[in-house]
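The structure file final_0.tsv is reproduced below (TSV, C-alpha atoms and all ligand atoms).
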```tsv
chain	number	residue	atom	x	y	z
A	1	MET	CA	64.90	11.74	-45.74
A	2	ARG	CA	65.92	9.35	-42.97
A	3	LEU	CA	64.75	5.76	-42.82
A	4	VAL	CA	64.56	3.78	-39.57
A	5	GLU	CA	63.61	0.10	-39.64
A	6	VAL	CA	61.68	-1.48	-36.80
A	7	ALA	CA	62.90	-5.08	-36.88
A	8	LEU	CA	60.07	-7.38	-35.81
A	9	GLY	CA	60.37	-10.30	-38.21
A	10	GLU	CA	57.44	-10.44	-40.58
A	11	ARG	CA	55.86	-7.48	-38.75
A	12	SER	CA	58.89	-5.26	-39.49
A	13	TYR	CA	58.16	-1.83	-40.84
A	14	PRO	CA	59.88	1.38	-41.94
A	15	ILE	CA	59.68	4.84	-40.35
A	16	TYR	CA	60.31	7.61	-42.87
A	17	ILE	CA	61.40	10.93	-41.40
A	18	GLY	CA	61.93	14.21	-43.23
A	19	GLN	CA	60.97	17.83	-43.77
A	20	ASN	CA	58.56	18.55	-46.61
A	21	ILE	CA	58.26	14.98	-47.85
A	22	TRP	CA	54.54	15.14	-48.72
A	23	HIS	CA	55.26	14.56	-52.41
A	24	GLU	CA	56.94	11.25	-51.61
A	25	ILE	CA	53.83	9.80	-49.95
A	26	PRO	CA	52.37	8.22	-53.12
A	27	ARG	CA	55.46	6.17	-53.96
A	28	HIS	CA	56.20	4.92	-50.45
A	29	PHE	CA	52.62	4.18	-49.43
A	30	ALA	CA	51.93	2.28	-52.67
A	31	GLU	CA	55.17	0.35	-52.15
A	32	ARG	CA	54.16	-0.82	-48.67
A	33	VAL	CA	50.38	-1.20	-49.01
A	34	LYS	CA	48.41	-2.49	-51.97
A	35	PRO	CA	46.20	0.46	-52.99
A	36	GLY	CA	42.50	0.00	-52.30
A	37	LYS	CA	40.12	1.72	-49.91
A	38	SER	CA	41.38	3.83	-47.05
A	39	LEU	CA	39.98	5.56	-44.00
A	40	LEU	CA	41.83	8.66	-42.84
A	41	VAL	CA	41.38	9.43	-39.13
A	42	SER	CA	42.34	12.86	-37.84
A	43	ASP	CA	41.23	15.49	-35.33
A	44	GLU	CA	39.56	18.88	-35.62
A	45	THR	CA	42.84	20.76	-35.22
A	46	VAL	CA	45.07	18.70	-37.48
A	47	PHE	CA	42.70	17.86	-40.32
A	48	PRO	CA	42.17	21.48	-41.48
A	49	LEU	CA	45.95	22.01	-41.45
A	50	TYR	CA	47.21	18.87	-43.17
A	51	GLY	CA	44.21	16.76	-44.19
A	52	SER	CA	44.12	17.87	-47.81
A	53	ARG	CA	47.82	17.12	-48.39
A	54	MET	CA	47.37	13.68	-46.87
A	55	VAL	CA	44.25	12.94	-48.91
A	56	GLU	CA	46.00	14.09	-52.07
A	57	GLY	CA	49.01	11.87	-51.36
A	58	LEU	CA	46.85	8.83	-50.72
A	59	GLN	CA	44.78	9.45	-53.84
A	60	LYS	CA	47.91	9.79	-55.94
A	61	ALA	CA	49.06	6.47	-54.49
A	62	GLY	CA	45.83	4.97	-55.82
A	63	PHE	CA	43.70	4.84	-52.67
A	64	ALA	CA	40.05	5.81	-52.43
A	65	VAL	CA	39.89	7.98	-49.30
A	66	SER	CA	37.13	8.47	-46.71
A	67	SER	CA	37.82	10.69	-43.71
A	68	VAL	CA	36.66	10.81	-40.09
A	69	VAL	CA	37.51	13.82	-37.96
A	70	VAL	CA	37.22	13.49	-34.17
A	71	PRO	CA	37.37	16.25	-31.54
A	72	ALA	CA	40.93	17.14	-30.51
A	73	GLY	CA	42.16	15.88	-27.16
A	74	GLU	CA	42.23	12.92	-24.81
A	75	GLY	CA	38.41	12.87	-24.61
A	76	SER	CA	38.37	11.15	-28.02
A	77	LYS	CA	40.14	8.03	-26.77
A	78	THR	CA	36.91	6.21	-25.92
A	79	LEU	CA	35.05	3.09	-27.01
A	80	ALA	CA	32.20	5.37	-28.12
A	81	ARG	CA	34.55	7.18	-30.49
A	82	ALA	CA	35.98	3.85	-31.66
A	83	ASP	CA	32.43	2.76	-32.44
A	84	GLN	CA	31.97	5.85	-34.60
A	85	LEU	CA	35.13	4.86	-36.50
A	86	TYR	CA	33.89	1.27	-36.99
A	87	SER	CA	30.70	2.73	-38.49
A	88	ALA	CA	32.75	4.91	-40.82
A	89	ALA	CA	34.88	1.92	-41.84
A	90	ILE	CA	31.77	-0.14	-42.56
A	91	ALA	CA	30.18	2.75	-44.48
A	92	ALA	CA	33.35	3.11	-46.56
A	93	GLY	CA	33.28	-0.62	-47.29
A	94	LEU	CA	36.73	-1.26	-45.79
A	95	GLU	CA	37.87	-4.86	-46.10
A	96	ARG	CA	40.68	-6.87	-44.46
A	97	ARG	CA	43.41	-5.66	-46.81
A	98	ASP	CA	42.34	-2.02	-46.75
A	99	LEU	CA	44.06	0.79	-44.89
A	100	ILE	CA	43.40	2.95	-41.85
A	101	VAL	CA	45.66	6.01	-41.57
A	102	ALA	CA	46.11	8.03	-38.37
A	103	LEU	CA	46.96	11.68	-39.03
A	104	GLY	CA	47.50	13.49	-35.73
A	105	GLY	CA	49.01	13.25	-32.28
A	106	GLY	CA	49.08	10.31	-29.90
A	107	VAL	CA	45.35	10.49	-29.28
A	108	VAL	CA	44.47	9.94	-32.93
A	109	GLY	CA	47.25	7.34	-33.27
A	110	ASP	CA	46.11	5.32	-30.26
A	111	LEU	CA	42.43	5.50	-31.23
A	112	ALA	CA	42.85	4.76	-34.95
A	113	GLY	CA	45.41	2.05	-34.13
A	114	PHE	CA	42.97	0.37	-31.75
A	115	VAL	CA	40.25	0.44	-34.40
A	116	ALA	CA	42.68	-0.89	-37.04
A	117	ALA	CA	43.66	-3.71	-34.64
A	118	THR	CA	40.10	-4.77	-33.98
A	119	TYR	CA	37.98	-3.96	-37.05
A	120	LEU	CA	37.64	-7.24	-38.97
A	121	ARG	CA	40.26	-8.63	-36.52
A	122	GLY	CA	42.84	-6.28	-37.95
A	123	VAL	CA	43.24	-4.19	-41.09
A	124	THR	CA	46.35	-2.52	-42.48
A	125	PHE	CA	47.44	0.50	-40.46
A	126	ALA	CA	49.71	3.49	-41.08
A	127	GLN	CA	50.71	6.27	-38.70
A	128	VAL	CA	51.33	9.87	-39.72
A	129	PRO	CA	52.23	11.45	-36.35
A	130	THR	CA	52.03	15.24	-36.09
A	131	THR	CA	53.17	16.03	-32.52
A	132	LEU	CA	56.75	15.68	-31.34
A	133	LEU	CA	55.55	13.20	-28.71
A	134	ALA	CA	53.80	11.07	-31.30
A	135	GLN	CA	56.77	11.22	-33.67
A	136	VAL	CA	59.33	10.01	-31.13
A	137	ASP	CA	57.15	7.85	-28.96
A	138	SER	CA	53.52	6.88	-29.45
A	139	SER	CA	53.71	6.06	-33.18
A	140	VAL	CA	56.61	3.65	-32.63
A	141	GLY	CA	56.16	0.33	-30.90
A	142	GLY	CA	52.64	-0.82	-31.67
A	143	LYS	CA	50.79	0.05	-28.47
A	144	THR	CA	47.22	1.12	-29.18
A	145	ALA	CA	44.47	1.89	-26.69
A	146	VAL	CA	41.37	3.74	-25.63
A	147	ASN	CA	40.53	4.85	-22.11
A	148	HIS	CA	37.91	3.46	-19.73
A	149	SER	CA	36.05	5.72	-17.31
A	150	LEU	CA	38.02	3.96	-14.55
A	151	GLY	CA	41.45	4.46	-16.05
A	152	LYS	CA	43.68	5.46	-18.94
A	153	ASN	CA	44.68	3.04	-21.71
A	154	LEU	CA	42.87	0.14	-20.05
A	155	ILE	CA	41.48	-1.25	-23.31
A	156	GLY	CA	43.97	-1.87	-26.07
A	157	ALA	CA	46.10	-4.11	-28.22
A	158	PHE	CA	49.63	-4.46	-29.48
A	159	TYR	CA	49.31	-3.81	-33.19
A	160	GLN	CA	52.13	-2.77	-35.47
A	161	PRO	CA	51.59	-0.39	-38.41
A	162	LYS	CA	52.79	-1.16	-41.95
A	163	LEU	CA	54.63	2.14	-42.02
A	164	VAL	CA	55.13	5.36	-40.09
A	165	TRP	CA	55.41	8.62	-41.98
A	166	VAL	CA	56.99	11.49	-40.04
A	167	GLU	CA	56.50	14.81	-41.82
A	168	LEU	CA	58.50	17.24	-39.70
A	169	GLU	CA	56.84	20.22	-41.34
A	170	THR	CA	53.76	19.48	-39.24
A	171	LEU	CA	55.70	20.53	-36.13
A	172	SER	CA	55.73	24.13	-37.37
A	173	SER	CA	52.13	24.59	-36.19
A	174	LEU	CA	52.55	22.86	-32.83
A	175	SER	CA	52.29	25.10	-29.75
A	176	GLN	CA	55.47	25.70	-27.79
A	177	ARG	CA	53.94	24.02	-24.76
A	178	GLU	CA	53.20	20.81	-26.73
A	179	TYR	CA	56.63	20.96	-28.35
A	180	LEU	CA	58.43	21.20	-25.00
A	181	ALA	CA	56.30	18.38	-23.59
A	182	GLY	CA	57.51	16.24	-26.50
A	183	ALA	CA	61.07	17.43	-25.81
A	184	ALA	CA	60.83	15.78	-22.40
A	185	GLU	CA	60.37	12.39	-24.10
A	186	VAL	CA	63.26	13.18	-26.46
A	187	ILE	CA	65.53	13.85	-23.49
A	188	LYS	CA	64.28	10.67	-21.85
A	189	TYR	CA	65.85	8.60	-24.66
A	190	GLY	CA	69.14	10.35	-24.10
A	191	VAL	CA	69.07	9.72	-20.36
A	192	ILE	CA	68.23	6.03	-20.64
A	193	LEU	CA	70.22	5.05	-23.71
A	194	SER	CA	72.33	7.70	-25.38
A	195	GLU	CA	74.78	10.18	-23.98
A	196	ALA	CA	75.51	11.16	-27.61
A	197	LEU	CA	71.92	12.31	-28.10
A	198	LEU	CA	72.09	14.44	-24.94
A	199	ASN	CA	75.38	15.95	-26.12
A	200	LEU	CA	73.83	16.78	-29.50
A	201	LEU	CA	70.86	18.46	-27.80
A	202	THR	CA	73.13	20.39	-25.45
A	203	ALA	CA	75.36	21.60	-28.28
A	204	ARG	CA	72.46	22.66	-30.48
A	205	TRP	CA	69.74	23.56	-28.00
A	206	GLN	CA	68.82	26.85	-29.71
A	207	ASP	CA	68.44	25.04	-33.06
A	208	PHE	CA	66.31	22.44	-31.33
A	209	LEU	CA	64.05	25.15	-29.89
A	210	ALA	CA	63.89	26.77	-33.34
A	211	ARG	CA	62.79	23.37	-34.77
A	212	GLU	CA	65.62	23.45	-37.30
A	213	PRO	CA	64.72	20.75	-39.89
A	214	GLU	CA	68.08	19.03	-40.30
A	215	LEU	CA	68.62	18.80	-36.57
A	216	LEU	CA	65.07	17.51	-36.08
A	217	THR	CA	65.62	14.85	-38.72
A	218	ALA	CA	68.67	13.68	-36.76
A	219	VAL	CA	67.05	13.94	-33.33
A	220	VAL	CA	63.68	12.40	-34.20
A	221	GLY	CA	65.50	9.73	-36.22
A	222	ASP	CA	67.76	8.89	-33.27
A	223	CYS	CA	64.79	8.66	-30.89
A	224	CYS	CA	62.91	6.36	-33.29
A	225	GLU	CA	66.03	4.23	-33.69
A	226	LEU	CA	66.51	3.95	-29.93
A	227	LYS	CA	62.87	3.07	-29.29
A	228	ALA	CA	62.81	0.68	-32.26
A	229	ALA	CA	65.80	-1.22	-30.84
A	230	VAL	CA	64.13	-1.58	-27.45
A	231	VAL	CA	60.83	-2.66	-29.00
A	232	ALA	CA	62.58	-5.14	-31.30
A	233	ALA	CA	64.23	-6.73	-28.26
A	234	ASP	CA	61.05	-6.76	-26.16
A	235	GLU	CA	57.89	-6.18	-28.19
A	236	ARG	CA	55.43	-6.97	-25.39
A	237	GLU	CA	57.16	-5.43	-22.43
A	238	ALA	CA	58.45	-8.59	-20.79
A	239	GLY	CA	61.57	-6.82	-19.53
A	240	LEU	CA	63.81	-4.35	-21.33
A	241	ARG	CA	60.93	-2.21	-22.60
A	242	ALA	CA	60.34	-1.11	-19.01
A	243	ILE	CA	63.28	1.29	-19.27
A	244	LEU	CA	61.11	3.43	-21.56
A	245	ASN	CA	59.09	4.16	-18.42
A	246	PHE	CA	61.89	6.26	-16.95
A	247	GLY	CA	60.25	9.25	-15.24
A	248	HIS	CA	56.83	7.69	-15.77
A	249	THR	CA	56.19	6.04	-12.39
A	250	LEU	CA	56.01	9.37	-10.57
A	251	GLY	CA	54.94	11.18	-13.76
A	252	HIS	CA	51.83	9.04	-14.12
A	253	ALA	CA	51.07	9.48	-10.42
A	254	LEU	CA	51.22	13.27	-10.83
A	255	GLU	CA	48.91	13.09	-13.85
A	256	ALA	CA	46.42	10.85	-12.06
A	257	ALA	CA	46.49	12.85	-8.81
A	258	THR	CA	45.64	15.99	-10.79
A	259	ALA	CA	42.88	14.18	-12.74
A	260	TYR	CA	44.83	14.67	-15.99
A	261	GLY	CA	43.87	18.34	-15.93
A	262	HIS	CA	47.07	20.13	-14.93
A	263	TYR	CA	50.00	18.61	-16.80
A	264	LEU	CA	50.61	17.59	-20.35
A	265	HIS	CA	52.00	14.07	-20.27
A	266	GLY	CA	55.56	15.16	-21.09
A	267	GLU	CA	55.44	17.84	-18.38
A	268	ALA	CA	54.56	15.26	-15.74
A	269	VAL	CA	57.26	12.94	-17.09
A	270	LEU	CA	59.82	15.74	-16.81
A	271	ALA	CA	58.93	16.22	-13.14
A	272	GLY	CA	59.11	12.43	-12.74
A	273	MET	CA	62.58	12.39	-14.30
A	274	VAL	CA	63.80	15.13	-11.99
A	275	MET	CA	62.58	13.13	-8.98
A	276	ALA	CA	64.10	9.91	-10.36
A	277	VAL	CA	67.50	11.60	-10.67
A	278	LYS	CA	67.24	12.85	-7.09
A	279	LEU	CA	66.25	9.38	-5.89
A	280	ALA	CA	69.23	7.88	-7.70
A	281	LEU	CA	71.53	10.50	-6.21
A	282	GLY	CA	70.17	9.89	-2.72
A	283	LYS	CA	70.59	6.14	-3.05
A	284	GLY	CA	74.17	6.55	-4.25
A	285	ILE	CA	73.38	4.96	-7.61
A	286	LEU	CA	74.30	8.09	-9.57
A	287	GLN	CA	77.36	10.34	-9.23
A	288	ARG	CA	76.79	13.98	-8.31
A	289	GLU	CA	78.33	15.28	-11.53
A	290	ALA	CA	76.15	13.09	-13.76
A	291	ALA	CA	73.08	14.14	-11.77
A	292	ALA	CA	73.97	17.80	-12.30
A	293	THR	CA	74.32	17.22	-16.06
A	294	LEU	CA	70.89	15.62	-16.23
A	295	LEU	CA	69.18	18.22	-14.03
A	296	GLU	CA	70.71	20.98	-16.16
A	297	MET	CA	69.21	19.37	-19.27
A	298	PHE	CA	65.77	19.09	-17.64
A	299	GLY	CA	66.05	22.72	-16.58
A	300	ARG	CA	66.38	23.77	-20.20
A	301	VAL	CA	62.90	22.42	-20.90
A	302	GLY	CA	61.60	24.05	-17.72
A	303	LEU	CA	59.87	22.26	-14.89
A	304	VAL	CA	56.14	22.93	-14.54
A	305	SER	CA	55.02	23.78	-11.00
A	306	PRO	CA	52.47	21.50	-9.36
A	307	PRO	CA	49.03	22.93	-8.54
A	308	ALA	CA	49.23	24.67	-5.16
A	309	THR	CA	46.53	22.36	-3.80
A	310	LEU	CA	48.28	19.11	-4.70
A	311	LEU	CA	49.19	17.03	-1.64
A	312	ALA	CA	51.90	14.39	-1.37
A	313	VAL	CA	49.40	11.88	0.04
A	314	ASP	CA	47.31	12.15	-3.13
A	315	VAL	CA	50.32	11.50	-5.35
A	316	LEU	CA	51.39	8.57	-3.17
A	317	ALA	CA	47.85	7.16	-3.33
A	318	ALA	CA	47.97	7.40	-7.13
A	319	LEU	CA	51.36	5.66	-7.08
A	320	LYS	CA	49.69	2.70	-5.35
A	321	HIS	CA	47.36	2.28	-8.32
A	322	ASP	CA	50.22	2.11	-10.82
A	323	LYS	CA	49.51	-0.64	-13.40
A	324	LYS	CA	53.17	-1.62	-13.45
A	325	ARG	CA	53.57	-2.41	-9.75
A	326	GLU	CA	55.26	-5.65	-8.90
A	327	GLU	CA	54.22	-7.51	-5.76
A	328	GLY	CA	52.81	-4.34	-4.29
A	329	ARG	CA	55.91	-2.21	-4.85
A	330	SER	CA	56.32	0.54	-7.38
A	331	VAL	CA	59.07	-0.11	-9.88
A	332	PHE	CA	61.44	2.78	-10.52
A	333	ILE	CA	63.75	3.20	-13.45
A	334	LEU	CA	66.75	5.12	-12.14
A	335	PRO	CA	69.80	6.51	-13.93
A	336	GLU	CA	73.14	4.90	-13.10
A	337	ALA	CA	75.14	7.15	-15.42
A	338	VAL	CA	74.39	9.54	-18.28
A	339	GLY	CA	72.86	7.25	-20.92
A	340	ARG	CA	72.29	4.24	-18.68
A	341	VAL	CA	69.47	3.20	-16.32
A	342	GLY	CA	68.61	0.29	-14.07
A	343	VAL	CA	65.34	-1.11	-12.68
A	344	PHE	CA	64.75	-0.82	-8.93
A	345	ALA	CA	61.81	-2.22	-6.99
A	346	ASP	CA	63.17	-1.89	-3.47
A	347	LEU	CA	63.04	1.85	-2.79
A	348	ASP	CA	62.08	2.90	0.69
A	349	ALA	CA	58.92	4.96	0.99
A	350	GLU	CA	60.68	7.79	2.86
A	351	ALA	CA	63.07	8.45	-0.01
A	352	VAL	CA	60.15	8.70	-2.41
A	353	GLN	CA	58.24	10.97	-0.03
A	354	GLN	CA	61.25	13.19	0.34
A	355	VAL	CA	61.84	13.87	-3.37
A	356	LEU	CA	58.12	14.32	-3.86
A	357	GLY	CA	57.90	16.78	-0.98
A	358	CYS	CA	60.84	18.67	-2.43
A	359	TYR	CA	59.12	18.97	-5.84
A	360	LEU	CA	55.74	19.92	-4.35
A	361	SER	CA	57.17	22.61	-2.08
A	362	GLY	CA	59.84	23.97	-4.40
A	363	GLY	CA	59.40	27.00	-6.64
A	364	SER	CA	60.23	26.24	-10.26
A	365	ALA	CA	60.94	27.94	-13.54
A	366	ARG	CA	57.77	27.46	-15.54
A	367	GLY	CA	54.10	26.79	-14.96
B	401	LIG	N1	50.95	4.22	-27.89
B	401	LIG	C1	51.98	4.62	-27.19
B	401	LIG	O1	53.01	3.96	-27.11
B	401	LIG	C2	51.89	5.93	-26.49
B	401	LIG	C3	53.05	6.51	-25.96
B	401	LIG	C4	52.95	7.76	-25.36
B	401	LIG	C5	51.72	8.42	-25.32
B	401	LIG	N2	50.62	7.83	-25.86
B	401	LIG	C6	49.33	8.51	-25.85
B	401	LIG	O2	49.45	9.67	-26.67
B	401	LIG	C7	48.49	10.63	-26.23
B	401	LIG	C8	49.15	11.97	-26.18
B	401	LIG	O3	49.63	12.30	-27.46
B	401	LIG	P1	49.89	13.80	-27.89
B	401	LIG	O4	50.70	14.48	-26.86
B	401	LIG	O5	50.36	13.79	-29.29
B	401	LIG	O6	48.43	14.44	-27.73
B	401	LIG	P2	47.27	14.84	-28.78
B	401	LIG	O7	47.12	13.82	-29.82
B	401	LIG	O8	46.10	15.17	-27.94
B	401	LIG	O9	47.84	16.17	-29.43
B	401	LIG	C9	48.03	17.30	-28.62
B	401	LIG	C10	47.30	18.52	-29.18
B	401	LIG	O10	48.03	19.02	-30.31
B	401	LIG	C11	47.16	19.13	-31.44
B	401	LIG	N3	48.01	18.87	-32.60
B	401	LIG	C12	48.47	17.69	-33.05
B	401	LIG	N4	49.31	17.87	-34.06
B	401	LIG	C13	49.38	19.20	-34.28
B	401	LIG	C14	50.10	20.00	-35.20
B	401	LIG	N5	50.95	19.46	-36.06
B	401	LIG	N6	49.92	21.34	-35.16
B	401	LIG	C15	49.08	21.89	-34.24
B	401	LIG	N7	48.39	21.20	-33.34
B	401	LIG	C16	48.54	19.85	-33.36
B	401	LIG	C17	46.08	18.13	-31.20
B	401	LIG	O11	44.91	18.50	-31.91
B	401	LIG	C18	45.90	18.22	-29.69
B	401	LIG	O12	45.06	19.29	-29.36
B	401	LIG	C19	47.97	10.15	-24.89
B	401	LIG	O13	46.67	9.66	-25.05
B	401	LIG	C20	48.91	9.02	-24.51
B	401	LIG	O14	48.27	8.01	-23.76
B	401	LIG	C21	50.68	6.61	-26.43
B	402	ZN	ZN	55.57	9.02	-22.06
```

Let me see the structure of the file written as structure tokens.
Amino acid sequence: MRLVEVALGERSYPIYIGQNIWHEIPRHFAERVKPGKSLLVSDETVFPLYGSRMVEGLQKAGFAVSSVVVPAGEGSKTLARADQLYSAAIAAGLERRDLIVALGGGVVGDLAGFVAATYLRGVTFAQVPTTLLAQVDSSVGGKTAVNHSLGKNLIGAFYQPKLVWVELETLSSLSQREYLAGAAEVIKYGVILSEALLNLLTARWQDFLAREPELLTAVVGDCCELKAAVVAADEREAGLRAILNFGHTLGHALEAATAYGHYLHGEAVLAGMVMAVKLALGKGILQREAAATLLEMFGRVGLVSPPATLLAVDVLAALKHDKKREEGRSVFILPEAVGRVGVFADLDAEAVQQVLGCYLSGGSARG
């Protein structure tokens, strides 16, 4: 089992990562959280697969467990669903020191985390992420949110869990499409912060695709460590944390312009990363050889084609609504070398249009 510490002073917490570590839940949960009442939140896909093992672990740790199961998918990240969870928490008699546990992907983590942050002004929270994306990204860093009809993640809070429990065995049931979408975020960490991680993935790509447990422990552990270091330096996204948005400026615009119906998040981010590399190359920020290395890596995951009807103007319009714009300009995180990025707010619109046009018109490997 690998242990990664997220260093945030008195809000510090451990991330435990391993394959088949269910039996260790009782000891570690009881160590971090005083046993009492707990509310387990999961979705209709994950709960039947892993709910009973989670309930058993919590009970052995000394918790009384109530469960709420929400429909799978982004549609559950709403205030209405949060309200259902508040009712369940009240019905279960949850008090300030009691525990809410999220068992599922980023949707369940964001929703349960938001409820944990706000119910009784904050109760103890634990994350048990079950998608690759949630394990390397959404469960680390303390961002929680639900969506508003006018936009994604508009209502939320920074709220750190008491622990994160990454059972890699859960990845065995994840679809290949979801797995590869998570892989895009894994590669993102390599591009922005760690050439060593990219080298490891390149050397053992077949093992990574085969979800080989020891490799996954190393890779997921490295990603958590990299994100934890960024979050520890910049918990509330005042500066450094922005580098985690590499590939996301254009990625989010693609998602929004397709009404969140065409791409999985990681698929849109992958396309965004490809365009960011081409922008960096065009601007002379990145050497040709480094760009080729990165594009080769992205190619392994396989770029998803845009819908045939998607127009550049629609993506550019979505770009204008980006939450993270500064003084009316989109901020781009661009690679300067393999494992290093910089923040750029002064890109000319033509360069952006050009890489976008290239992606929208180009044939690609997957999709
Ligand atoms: N808080 C953050 O910092 C942060 C970061 C990135 C993304 N997010 C959020 O995360 C969400 C996306 O997360 P996601 O990609 O995990 O989506 P998700 O939670 O919808 O999970 C994807 C699908 O996989 C299923 N699933 C989950 N675990 C499974 C397993 N082990 N086996 C089989 N099926 C399984 C789910 O039921 C769902 O249908 C978005 O809402 C996004 O906004 C949050
Ligand atoms: Zn992302």

List every residue of chain A that has an atom at most 6 Å from any atom of ligand LIG 401 (chain B), giving for each one its closest atom pair and the distance in Å to one decimal, counting all atoms listed in the file, sorted by chain and then by ascending residue number, as a tab-separated table.
```
residue	atom	partner	partner_atom	distance
A:Asp43	CA	B:LIG401	O11	5.9
A:Thr45	CA	B:LIG401	O11	4.5
A:Val46	CA	B:LIG401	C13	5.4
A:Ala72	CA	B:LIG401	O11	4.4
A:Gly73	CA	B:LIG401	O8	4.1
A:Glu74	CA	B:LIG401	O8	5.5
A:Gly104	CA	B:LIG401	N4	5.0
A:Gly105	CA	B:LIG401	O7	3.2
A:Gly106	CA	B:LIG401	O3	3.2
A:Val107	CA	B:LIG401	O7	3.8
A:Val108	CA	B:LIG401	O7	5.6
A:Asp110	CA	B:LIG401	N1	5.5
A:Thr130	CA	B:LIG401	N4	4.3
A:Thr131	CA	B:LIG401	N4	4.5
A:Leu133	CA	B:LIG401	O5	5.3
A:Ala134	CA	B:LIG401	O5	4.8
A:Asp137	CA	B:LIG401	C3	5.3
A:Ser138	CA	B:LIG401	C2	3.5
A:Lys143	CA	B:LIG401	N1	4.2
A:Thr144	CA	B:LIG401	N1	5.0
A:Thr170	CA	B:LIG401	N5	4.2
A:Leu171	CA	B:LIG401	N5	4.9
A:Ser173	CA	B:LIG401	N6	4.1
A:Leu174	CA	B:LIG401	N6	3.8
```

Seminar exercise, completed: Across A:Ile15, A:Val166, A:Leu270, A:Val230, the smallest distance to ligand ZN 402 (chain B), with all atoms listed in the file counted, is shown by A:Leu270

Exercise. Of the candidates A:Leu150, A:Cys224, A:Ala312, A:Val186, which shows the shortest atom-to-atom distance to ligand ZN 402 (chain B), using all atoms listed in the file?
Worked result: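 Selected residue with least distance to ligand ZN 402 (chain B): A:Val186.
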
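Excluding A:Cys223 itself and same-chain residues fewer than 2 positions from it, the residues having an atom within 7 Å of it are Val136, Val186, Tyr189, Val219, Val220, Gly221, Glu225, Leu226 and Lys227 of chain A, counting only C-alpha atoms.
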
Determine, for each residue of chain A having at least one atom at most 10 Å from an atom of ligand ZN 402 (chain B), the closest pair of atoms and their separation in Å to one decimal, counting all atoms listed in the file; order by chain and ascending number, as a Markdown table.
```
| residue | atom | partner | partner_atom | distance |
| --- | --- | --- | --- | --- |
| A:Leu133 | CA | B:ZN402 | ZN | 7.9 |
| A:Ala134 | CA | B:ZN402 | ZN | 9.6 |
| A:Val136 | CA | B:ZN402 | ZN | 9.9 |
| A:Asp137 | CA | B:ZN402 | ZN | 7.2 |
| A:Ser138 | CA | B:ZN402 | ZN | 8.0 |
| A:Ala181 | CA | B:ZN402 | ZN | 9.5 |
| A:Gly182 | CA | B:ZN402 | ZN | 8.7 |
| A:Ala184 | CA | B:ZN402 | ZN | 8.6 |
| A:Glu185 | CA | B:ZN402 | ZN | 6.2 |
| A:Val186 | CA | B:ZN402 | ZN | 9.8 |
| A:Lys188 | CA | B:ZN402 | ZN | 8.9 |
| A:Leu244 | CA | B:ZN402 | ZN | 7.9 |
| A:Asn245 | CA | B:ZN402 | ZN | 7.0 |
| A:Phe246 | CA | B:ZN402 | ZN | 8.6 |
| A:Gly247 | CA | B:ZN402 | ZN | 8.3 |
| A:His248 | CA | B:ZN402 | ZN | 6.6 |
| A:Gly251 | CA | B:ZN402 | ZN | 8.6 |
| A:His252 | CA | B:ZN402 | ZN | 8.8 |
| A:His265 | CA | B:ZN402 | ZN | 6.4 |
| A:Gly266 | CA | B:ZN402 | ZN | 6.2 |
| A:Glu267 | CA | B:ZN402 | ZN | 9.6 |
| A:Ala268 | CA | B:ZN402 | ZN | 8.9 |
| A:Val269 | CA | B:ZN402 | ZN | 6.6 |
| A:Leu270 | CA | B:ZN402 | ZN | 9.5 |
```

For this session: Compile the contact shell of A:Ala218 as a PyMOL selection string: residues with an atom at most 10 Å away, counting only C-alpha atoms, same-chain residues fewer than 2 positions apart removed.
Result: chain A and resi 1-2+17-18+197+200+213-216+220-224

Selection export as a compact mmCIF listing (two decimals), in the coordinates of the input, atoms kept: C-alpha atoms:
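Result written to part_4.txt:
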```txt
# COMPACT_ATOMS: atom_id res chain seq x y z
CA MET A 1 64.90 11.74 -45.74
CA ARG A 2 65.92 9.35 -42.97
CA ILE A 17 61.40 10.93 -41.40
CA GLY A 18 61.93 14.21 -43.23
CA LEU A 197 71.92 12.31 -28.10
CA LEU A 200 73.83 16.78 -29.50
CA PRO A 213 64.72 20.75 -39.89
CA GLU A 214 68.08 19.03 -40.30
CA LEU A 215 68.62 18.80 -36.57
CA LEU A 216 65.07 17.51 -36.08
CA VAL A 220 63.68 12.40 -34.20
CA GLY A 221 65.50 9.73 -36.22
CA ASP A 222 67.76 8.89 -33.27
CA CYS A 223 64.79 8.66 -30.89
CA CYS A 224 62.91 6.36 -33.29
```

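Remark: for A:Lys37, the closest of the candidate residues A:Phe158, A:Phe63, A:Tyr263, A:Tyr13 is A:Phe63 (distances computed over all atoms listed in the file).
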
For this session: Provide the atom CA of A:Ala7 to atom CA of A:Trp22 distance in Å, to one decimal place.
Result: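 If I compute the distance from atom CA of A:Ala7 to atom CA of A:Trp22, I get 24.9 Å.
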
Problem set entry | Coordinates-based distance that separates atom CA of A:Gly75 from atom CA of A:Thr118 (Å, one decimal) |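 Atom CA of A:Thr118 sits 20.0 Å away from atom CA of A:Gly75.
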
Problem set entry | Gap from atom CA of A:Gly190 to atom CA of A:Ala351 - Å, one decimal |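 So the answer is 24.9 Å.
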
Exercise. Residues at most 9 Å from A:Val65, counting all atoms listed in the file, excluding those fewer than 3 positions away in the same chain, as a ChimeraX atom specification?
Worked result: /A:36-40,55,58-59,92

Emit the selected residues as a short mmCIF file (atom, residue, chain, number, x, y, z; two decimals), keeping the file's coordinate frame, including C-alpha atoms.
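Okay, again_30.cif is ready:
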```cif
data_model
loop_
_atom_site.label_atom_id
_atom_site.label_comp_id
_atom_site.auth_asym_id
_atom_site.auth_seq_id
_atom_site.Cartn_x
_atom_site.Cartn_y
_atom_site.Cartn_z
CA GLY A 36 42.50 0.00 -52.30
CA LYS A 37 40.12 1.72 -49.91
CA SER A 38 41.38 3.83 -47.05
CA LEU A 39 39.98 5.56 -44.00
CA LEU A 40 41.83 8.66 -42.84
CA VAL A 55 44.25 12.94 -48.91
CA LEU A 58 46.85 8.83 -50.72
CA GLN A 59 44.78 9.45 -53.84
CA ALA A 92 33.35 3.11 -46.56
#
```
